[in-house]
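Worksheet: the structure to be examined is printed underneath.
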Amino acid sequence: MTRTASRIFDAQRPALLRVAYRMLGSLADAEDIVQEAFLRWQRADHADVMVPLAFLRRIVTRLCLDHLKSARVQREAYFGTWLPEPVVDEDWDEDVTLPLLLALERLSPLERAAFLLHDVFGESFDEVAQVLDRDAAACRQLATRARTHVRGERARFPLDRDQGKAIANAFFEASQSGDLAKLGALLTQDVAYYADGGGKRPAVSRVLRGLHDVLRAHAALIRLRRQPPQLLRFATINGLPGYVTREADGLLQTTAIQIENDRICSIYVMRSPDKLARIQ
């Protein structure tokens, strides 16, 4: 492969990583996919490639679809709540927020690919059809079904970063103080609490929904806590305000919060050491 071809791929690598991460929810898997795409790019006839990014994006999408066939079987045996690997402080856009990634996870692989290729990356349905080996009408239907599922997960109003940090700070302080009235004032009545321990660290095994259940879980955590966590820093986690802590067991944890009308409607806690390795 020529140096020019190698430079072309390197220029597209960040964009390809974004594609793979949106498809898989794992940076480690996304990097493996992009590396495999590089190997295929080495073997390609570059003279026939008019738009390298589109060509490589299709390769990455096909590789992700193959990966998902096996990953979906593994995911069904996942212990507890699954959350995507957190991306901390990367300047990625709203298409990698935790709510949207979870909505994508509920789609079939083909629906996910059709939606991302058309709605996010702007490819025509004729181009999507070439990637998915379906006709354009079928791809349009796949994207339409996907759009219906993810429509409610896009942020309706942009959140000021300073405001998000202030609410994250108030949530951290209230959750450590044991003042449930103060904590409850920050949460919506239908707040949802997600925690992913990956089967390797204690975590709530199901999604908690509703103010009562979430406050009761926080009260139990405070009673069982040996020592308070160490706040390392506030951060943007998958586009949401949050923070990174070191817990009593010495391991890291990320907490991200989704905010609507100045109150927290969802809490996402990542405890799985495998998914926190690159933050470490």
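By order of appearance in the structure tokens: chains A, B, ..., then residues from 1 within every chain, and ligands from 1 in the order shown.
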
Neighbouring residues of Ala54 of chain A were defined as those with any atom within 12 Å, considering only C-alpha atoms; residues of the same chain fewer than 3 positions away were excluded. Please report them as a count of residues only.
23

So which bits of segment 17-240 of chain A end up strand (DSSP E) when you DSSP the backbone, as a CSV table (one decimal) with all heavy atoms, in the first residue's frame?
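File written: part_39.csv
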chain,number,residue,atom,x,y,z
A,187,LEU,N,-34.7,15.3,41.1
A,187,LEU,CA,-35.1,14.2,40.3
A,187,LEU,C,-36.5,14.4,39.8
A,187,LEU,O,-37.3,14.9,40.5
A,187,LEU,CB,-34.9,12.8,41.0
A,187,LEU,CG,-33.6,12.5,41.6
A,187,LEU,CD1,-33.6,11.2,42.3
A,187,LEU,CD2,-32.5,12.6,40.6
A,188,THR,N,-36.8,13.9,38.6
A,188,THR,CA,-38.2,13.8,38.1
A,188,THR,C,-38.9,12.7,38.8
A,188,THR,O,-38.3,11.8,39.3
A,188,THR,CB,-38.3,13.7,36.6
A,188,THR,OG1,-37.7,12.4,36.3
A,188,THR,CG2,-37.5,14.8,35.9
A,189,GLN,N,-40.3,12.7,38.8
A,189,GLN,CA,-41.0,11.7,39.4
A,189,GLN,C,-40.8,10.3,38.7
A,189,GLN,O,-40.9,9.3,39.3
A,189,GLN,CB,-42.5,12.0,39.3
A,189,GLN,CG,-42.9,13.1,40.3
A,189,GLN,CD,-42.8,12.7,41.8
A,189,GLN,OE1,-43.1,11.6,42.1
A,189,GLN,NE2,-42.2,13.6,42.6
A,190,ASP,N,-40.5,10.3,37.4
A,190,ASP,CA,-40.3,9.1,36.6
A,190,ASP,C,-38.9,8.8,36.3
A,190,ASP,O,-38.5,8.2,35.3
A,190,ASP,CB,-41.2,9.1,35.3
A,190,ASP,CG,-40.8,10.3,34.4
A,190,ASP,OD1,-40.0,11.2,34.9
A,190,ASP,OD2,-41.2,10.3,33.3
A,191,VAL,N,-38.0,9.3,37.2
A,191,VAL,CA,-36.5,9.1,37.0
A,191,VAL,C,-36.2,7.6,36.8
A,191,VAL,O,-36.8,6.8,37.4
A,191,VAL,CB,-35.8,9.8,38.1
A,191,VAL,CG1,-36.1,9.1,39.4
A,191,VAL,CG2,-34.3,9.7,37.9
A,192,ALA,N,-35.2,7.4,35.9
A,192,ALA,CA,-34.7,6.0,35.7
A,192,ALA,C,-33.3,5.9,36.1
A,192,ALA,O,-32.5,6.9,35.9
A,192,ALA,CB,-34.9,5.6,34.2
A,193,TYR,N,-32.9,4.8,36.7
A,193,TYR,CA,-31.5,4.6,37.2
A,193,TYR,C,-31.0,3.3,36.6
A,193,TYR,O,-31.5,2.2,36.7
A,193,TYR,CB,-31.6,4.4,38.7
A,193,TYR,CG,-30.2,4.2,39.4
A,193,TYR,CD1,-29.5,5.3,39.8
A,193,TYR,CD2,-29.8,2.9,39.6
A,193,TYR,CE1,-28.2,5.0,40.4
A,193,TYR,CE2,-28.5,2.7,40.2
A,193,TYR,CZ,-27.8,3.7,40.6
A,193,TYR,OH,-26.6,3.5,41.2
A,194,TYR,N,-29.9,3.4,35.8
A,194,TYR,CA,-29.2,2.3,35.2
A,194,TYR,C,-27.8,2.2,35.8
A,194,TYR,O,-27.1,3.1,36.0
A,194,TYR,CB,-29.0,2.6,33.7
A,194,TYR,CG,-30.2,3.0,32.9
A,194,TYR,CD1,-30.8,4.2,33.0
A,194,TYR,CD2,-30.7,2.0,32.0
A,194,TYR,CE1,-32.0,4.5,32.2
A,194,TYR,CE2,-31.8,2.3,31.2
A,194,TYR,CZ,-32.4,3.6,31.3
A,194,TYR,OH,-33.6,3.9,30.6
A,195,ALA,N,-27.4,0.9,36.1
A,195,ALA,CA,-26.1,0.6,36.6
A,195,ALA,C,-25.6,-0.6,36.0
A,195,ALA,O,-26.2,-1.7,36.0
A,195,ALA,CB,-26.1,0.5,38.1
A,196,ASP,N,-24.3,-0.6,35.4
A,196,ASP,CA,-23.7,-1.7,34.7
A,196,ASP,C,-22.4,-2.1,35.5
A,196,ASP,O,-21.5,-1.3,35.5
A,196,ASP,CB,-23.4,-1.3,33.3
A,196,ASP,CG,-22.7,-2.4,32.5
A,196,ASP,OD1,-22.3,-3.4,33.0
A,196,ASP,OD2,-22.7,-2.2,31.2
A,208,LEU,N,-34.1,0.7,37.5
A,208,LEU,CA,-35.0,1.2,38.5
A,208,LEU,C,-35.8,2.4,37.9
A,208,LEU,O,-35.2,3.3,37.3
A,208,LEU,CB,-34.3,1.7,39.8
A,208,LEU,CG,-33.5,0.7,40.5
A,208,LEU,CD1,-32.8,1.3,41.7
A,208,LEU,CD2,-34.3,-0.6,40.9
A,209,ARG,N,-37.1,2.4,38.1
A,209,ARG,CA,-37.9,3.5,37.5
A,209,ARG,C,-38.8,4.1,38.6
A,209,ARG,O,-39.5,3.3,39.3
A,209,ARG,CB,-38.7,3.0,36.3
A,209,ARG,CG,-37.8,2.4,35.2
A,209,ARG,CD,-38.6,2.1,33.9
A,209,ARG,NE,-37.8,1.5,32.9
A,209,ARG,CZ,-37.0,2.2,32.1
A,209,ARG,NH1,-37.0,3.5,32.1
A,209,ARG,NH2,-36.3,1.6,31.2
A,230,GLN,N,-14.2,9.1,46.2
A,230,GLN,CA,-13.4,10.3,45.9
A,230,GLN,C,-13.8,10.9,44.6
A,230,GLN,O,-13.7,10.2,43.5
A,230,GLN,CB,-11.9,9.9,45.9
A,230,GLN,CG,-11.0,11.0,45.5
A,230,GLN,CD,-9.6,10.6,45.3
A,230,GLN,OE1,-9.3,9.3,45.4
A,230,GLN,NE2,-8.6,11.5,45.0
A,231,LEU,N,-14.2,12.1,44.6
A,231,LEU,CA,-14.5,12.8,43.3
A,231,LEU,C,-13.2,13.2,42.6
A,231,LEU,O,-12.4,13.9,43.1
A,231,LEU,CB,-15.4,14.0,43.6
A,231,LEU,CG,-15.7,14.9,42.3
A,231,LEU,CD1,-16.6,14.1,41.4
A,231,LEU,CD2,-16.4,16.2,42.8
A,232,LEU,N,-13.0,12.6,41.4
A,232,LEU,CA,-11.8,12.9,40.6
A,232,LEU,C,-12.0,14.1,39.7
A,232,LEU,O,-11.2,15.0,39.7
A,232,LEU,CB,-11.4,11.7,39.8
A,232,LEU,CG,-11.1,10.4,40.6
A,232,LEU,CD1,-10.7,9.3,39.6
A,232,LEU,CD2,-10.0,10.7,41.6
A,233,ARG,N,-13.1,14.2,39.1
A,233,ARG,CA,-13.4,15.3,38.2
A,233,ARG,C,-14.8,15.3,37.6
A,233,ARG,O,-15.4,14.2,37.5
A,233,ARG,CB,-12.4,15.5,37.1
A,233,ARG,CG,-12.4,14.4,36.1
A,233,ARG,CD,-11.2,14.5,35.1
A,233,ARG,NE,-11.1,13.5,34.2
A,233,ARG,CZ,-11.6,13.6,32.9
A,233,ARG,NH1,-12.1,14.7,32.5
A,233,ARG,NH2,-11.4,12.5,32.1
A,234,PHE,N,-15.3,16.4,37.3
A,234,PHE,CA,-16.6,16.5,36.5
A,234,PHE,C,-16.2,16.3,35.1
A,234,PHE,O,-15.1,16.6,34.7
A,234,PHE,CB,-17.3,17.8,36.7
A,234,PHE,CG,-17.9,17.9,38.1
A,234,PHE,CD1,-17.2,18.7,39.1
A,234,PHE,CD2,-19.1,17.3,38.4
A,234,PHE,CE1,-17.7,18.8,40.4
A,234,PHE,CE2,-19.6,17.4,39.7
A,234,PHE,CZ,-18.9,18.1,40.7
A,235,ALA,N,-17.1,15.8,34.3
A,235,ALA,CA,-16.8,15.4,32.9
A,235,ALA,C,-18.0,15.4,32.1
A,235,ALA,O,-19.2,15.3,32.6
A,235,ALA,CB,-16.1,14.1,32.8
A,236,THR,N,-17.8,15.4,30.8
A,236,THR,CA,-18.9,15.1,29.8
A,236,THR,C,-18.8,13.7,29.4
A,236,THR,O,-17.8,13.3,28.9
A,236,THR,CB,-18.8,16.1,28.6
A,236,THR,OG1,-18.9,17.4,29.0
A,236,THR,CG2,-19.9,15.8,27.6
A,237,ILE,N,-19.9,12.9,29.7
A,237,ILE,CA,-19.9,11.5,29.4
A,237,ILE,C,-20.9,11.2,28.4
A,237,ILE,O,-22.1,11.3,28.6
A,237,ILE,CB,-20.1,10.7,30.7
A,237,ILE,CG1,-19.0,11.0,31.8
A,237,ILE,CG2,-20.1,9.2,30.4
A,237,ILE,CD1,-19.4,10.5,33.1
A,240,LEU,N,-23.4,13.9,28.0
A,240,LEU,CA,-24.2,14.2,29.1
A,240,LEU,C,-23.3,14.7,30.3
A,240,LEU,O,-22.1,14.3,30.4
A,240,LEU,CB,-25.0,13.0,29.6
A,240,LEU,CG,-26.0,12.3,28.7
A,240,LEU,CD1,-26.6,11.1,29.3
A,240,LEU,CD2,-27.0,13.3,28.2

So, with only C-alpha atoms as the atoms that count, which of A:Asn169, A:Thr254, A:Asn261, A:Ser272 lies closest to Gly197 of chain A?
A:Ser272
